[in-house]
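Here is the structure we will look at.
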Amino acid sequence: MALNYNMCGVAFAQSTTTASPSPVEKTNETARGAVAYINISAIDAGVTLTVSIEAKDPASSAWVNILTSAALSAVAMTTLKVCPGLPVSANVSANDGLPLNWRIKPIQGGSAGNITYSIGYAYLD
């Protein structure tokens with residue numbers, strides 16, 4: 001399993017927010033998996049960020065959770081990885097394939113306040 005740096009991008013550019021943005025949908029045509037890079041650079045006390053990687057059910061168009069981070073509440077870089085053959089680790093990695101249609105969904109929670117973060121991604125071959 002290797003990162004494919006030719007197939008990477010920015011899901012959420014760094015910004016300061018007080019509310020959850022709309023999820024960013026992606027189309028995967030060839031990769032086995034993906035890694036999401038969550039970079040929190042500032043966060044008010046009591047604010048949390050939870051990030052999910054979800055798959056789109058082609059029959060119903062409903063979104064199904066593949067992996068969800070723990071509630072992040074500190075300045076830090078966190079990764080989420082989805083790929084066949086990975087060890088299963090709660091809130092960190094999933095032994096699952098990345099489907100054709102997938103998305104990254106951040107949810108801001110906890111107390112009211114600001115958080116500054118970005119989320120990038122790269123496909124895994």
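Residues in the structure tokens are named by chain (A, B, ... in the order shown) and by number from 1 within that chain; ligands are numbered from 1 in the order shown.
Residues in contact with A:Tyr117 at 10 Å, where only C-alpha atoms are counted and same-chain residues fewer than 5 positions away are skipped, are listed as A:Phe12, A:Ala13, A:Gln14, A:Ser15, A:Thr16, A:Thr17, A:Ile38, A:Asn39, A:Ile40, A:Ser41, A:Ala42, A:Ile43, A:Leu49, A:Val75, A:Ala76, A:Met77.
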Can you list, as an NGL selection string, every protein, DNA or RNA residue that comes within 10 Å of stretch 104-113 of chain A when you count only C-alpha atoms, leaving out same-chain residues fewer than 6 positions away? :A and (11-12 or 16-26 or 36 or 38 or 43-55 or 65 or 67-69 or 71-73 or 119-121)
Residues from the last selection, C-alpha atoms, saved as an mmCIF file, in the first residue's frame:
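Below you can see selection_15.cif, which holds the result:
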data_model
loop_
_atom_site.group_PDB
_atom_site.id
_atom_site.type_symbol
_atom_site.label_atom_id
_atom_site.label_comp_id
_atom_site.auth_asym_id
_atom_site.auth_seq_id
_atom_site.Cartn_x
_atom_site.Cartn_y
_atom_site.Cartn_z
ATOM 1 C CA ALA A 11 -11.240 18.691 1.011
ATOM 2 C CA PHE A 12 -11.445 21.706 3.345
ATOM 3 C CA THR A 16 -11.912 29.396 11.109
ATOM 4 C CA THR A 17 -15.485 28.334 11.683
ATOM 5 C CA THR A 18 -18.171 28.119 14.333
ATOM 6 C CA ALA A 19 -20.391 25.612 12.481
ATOM 7 C CA SER A 20 -20.132 22.347 10.542
ATOM 8 C CA PRO A 21 -19.606 22.799 6.785
ATOM 9 C CA SER A 22 -21.324 20.679 4.155
ATOM 10 C CA PRO A 23 -19.559 17.354 3.488
ATOM 11 C CA VAL A 24 -17.244 17.166 0.476
ATOM 12 C CA GLU A 25 -18.061 14.389 -1.995
ATOM 13 C CA LYS A 26 -15.323 12.653 -4.003
ATOM 14 C CA ALA A 36 -7.513 12.019 5.385
ATOM 15 C CA ILE A 38 -7.021 16.617 9.751
ATOM 16 C CA ILE A 43 -9.434 25.515 18.882
ATOM 17 C CA ASP A 44 -11.424 27.181 21.644
ATOM 18 C CA ALA A 45 -11.908 25.363 24.951
ATOM 19 C CA GLY A 46 -14.828 22.953 24.873
ATOM 20 C CA VAL A 47 -15.082 22.815 21.059
ATOM 21 C CA THR A 48 -14.703 19.432 19.330
ATOM 22 C CA LEU A 49 -14.377 18.226 15.742
ATOM 23 C CA THR A 50 -15.410 14.757 14.626
ATOM 24 C CA VAL A 51 -14.612 13.664 11.056
ATOM 25 C CA SER A 52 -16.204 10.761 9.178
ATOM 26 C CA ILE A 53 -15.362 8.979 5.944
ATOM 27 C CA GLU A 54 -18.576 7.741 4.377
ATOM 28 C CA ALA A 55 -19.614 5.620 1.373
ATOM 29 C CA ASN A 65 -20.281 5.407 7.727
ATOM 30 C CA LEU A 67 -14.794 5.336 9.786
ATOM 31 C CA THR A 68 -15.244 8.152 12.316
ATOM 32 C CA SER A 69 -12.537 9.913 14.308
ATOM 33 C CA ALA A 71 -13.892 13.836 19.147
ATOM 34 C CA LEU A 72 -10.809 15.995 18.463
ATOM 35 C CA SER A 73 -10.329 18.845 20.915
ATOM 36 C CA ILE A 119 -8.563 18.537 5.817
ATOM 37 C CA GLY A 120 -6.523 17.141 2.953
ATOM 38 C CA TYR A 121 -6.613 13.666 1.440
#
If you run DSSP on this backbone, which residues of stretch 10-109 of chain A come out as strand (DSSP E), and could you give them as a ChimeraX atom specification? /A:10-17,24-27,33-43,47-56,63-68,76-82,93-94,101-109
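Take the candidates A:Ala74, A:Lys56, A:Thr116, A:Ala90 and check each one against A:Asn28 using only C-alpha atoms; the shortest distance goes to A:Lys56.
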Between A:Ala122, A:Gly9, A:Asn91, A:Asn101, single out the one closest to A:Ala62, counting only C-alpha atoms. A:Asn101
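In this model, the gap between atom CA of A:Arg103 and atom CA of A:Ala31 comes to 14.3 Å.
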Hey, which of A:Cys8, A:Leu124, A:Ala70, A:Ile115 ends up closest to A:Asp96? Count only C-alpha atoms. A:Leu124
How many Å lie between atom CA of A:Val92 and atom CA of A:Asp57, rounded to one decimal? 22.5 Å
One number please: atom CA of A:Leu80 to atom CA of A:Ser60, in Å, one decimal.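 Going from atom CA of A:Leu80 over to atom CA of A:Ser60, I get 25.7 Å.
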Residues near A:Glu29, anyone? I mean within 10 Å using only C-alpha atoms, not counting same-chain ones fewer than 4 positions away, as a list of chain:residue names. A:Leu98, A:Pro99, A:Leu100, A:Asn101
Could you write those residues out with N, CA, C and O atoms, as a CSV table (one decimal), in the first residue's frame?
chain,number,residue,atom,x,y,z
A,98,LEU,N,-12.2,1.6,-0.5
A,98,LEU,CA,-12.8,2.9,-0.7
A,98,LEU,C,-13.7,2.8,-2.0
A,98,LEU,O,-13.3,2.4,-3.0
A,99,PRO,N,-15.0,3.1,-1.8
A,99,PRO,CA,-15.9,3.0,-2.9
A,99,PRO,C,-15.8,4.1,-4.0
A,99,PRO,O,-15.0,5.0,-3.8
A,100,LEU,N,-16.5,3.9,-5.1
A,100,LEU,CA,-16.5,4.9,-6.1
A,100,LEU,C,-16.9,6.3,-5.6
A,100,LEU,O,-16.2,7.3,-5.8
A,101,ASN,N,-18.0,6.3,-4.9
A,101,ASN,CA,-18.5,7.6,-4.3
A,101,ASN,C,-18.3,7.6,-2.8
A,101,ASN,O,-18.9,6.8,-2.1
For A:Gly33, the nearest of the candidates A:Val82, A:Val88, A:Ala94, A:Ile66, counting only C-alpha atoms: A:Val82
Smallest atom-to-atom distance to A:Ser118: which of A:Thr78, A:Pro58, A:Ala34, A:Trp63, using only C-alpha atoms? A:Thr78
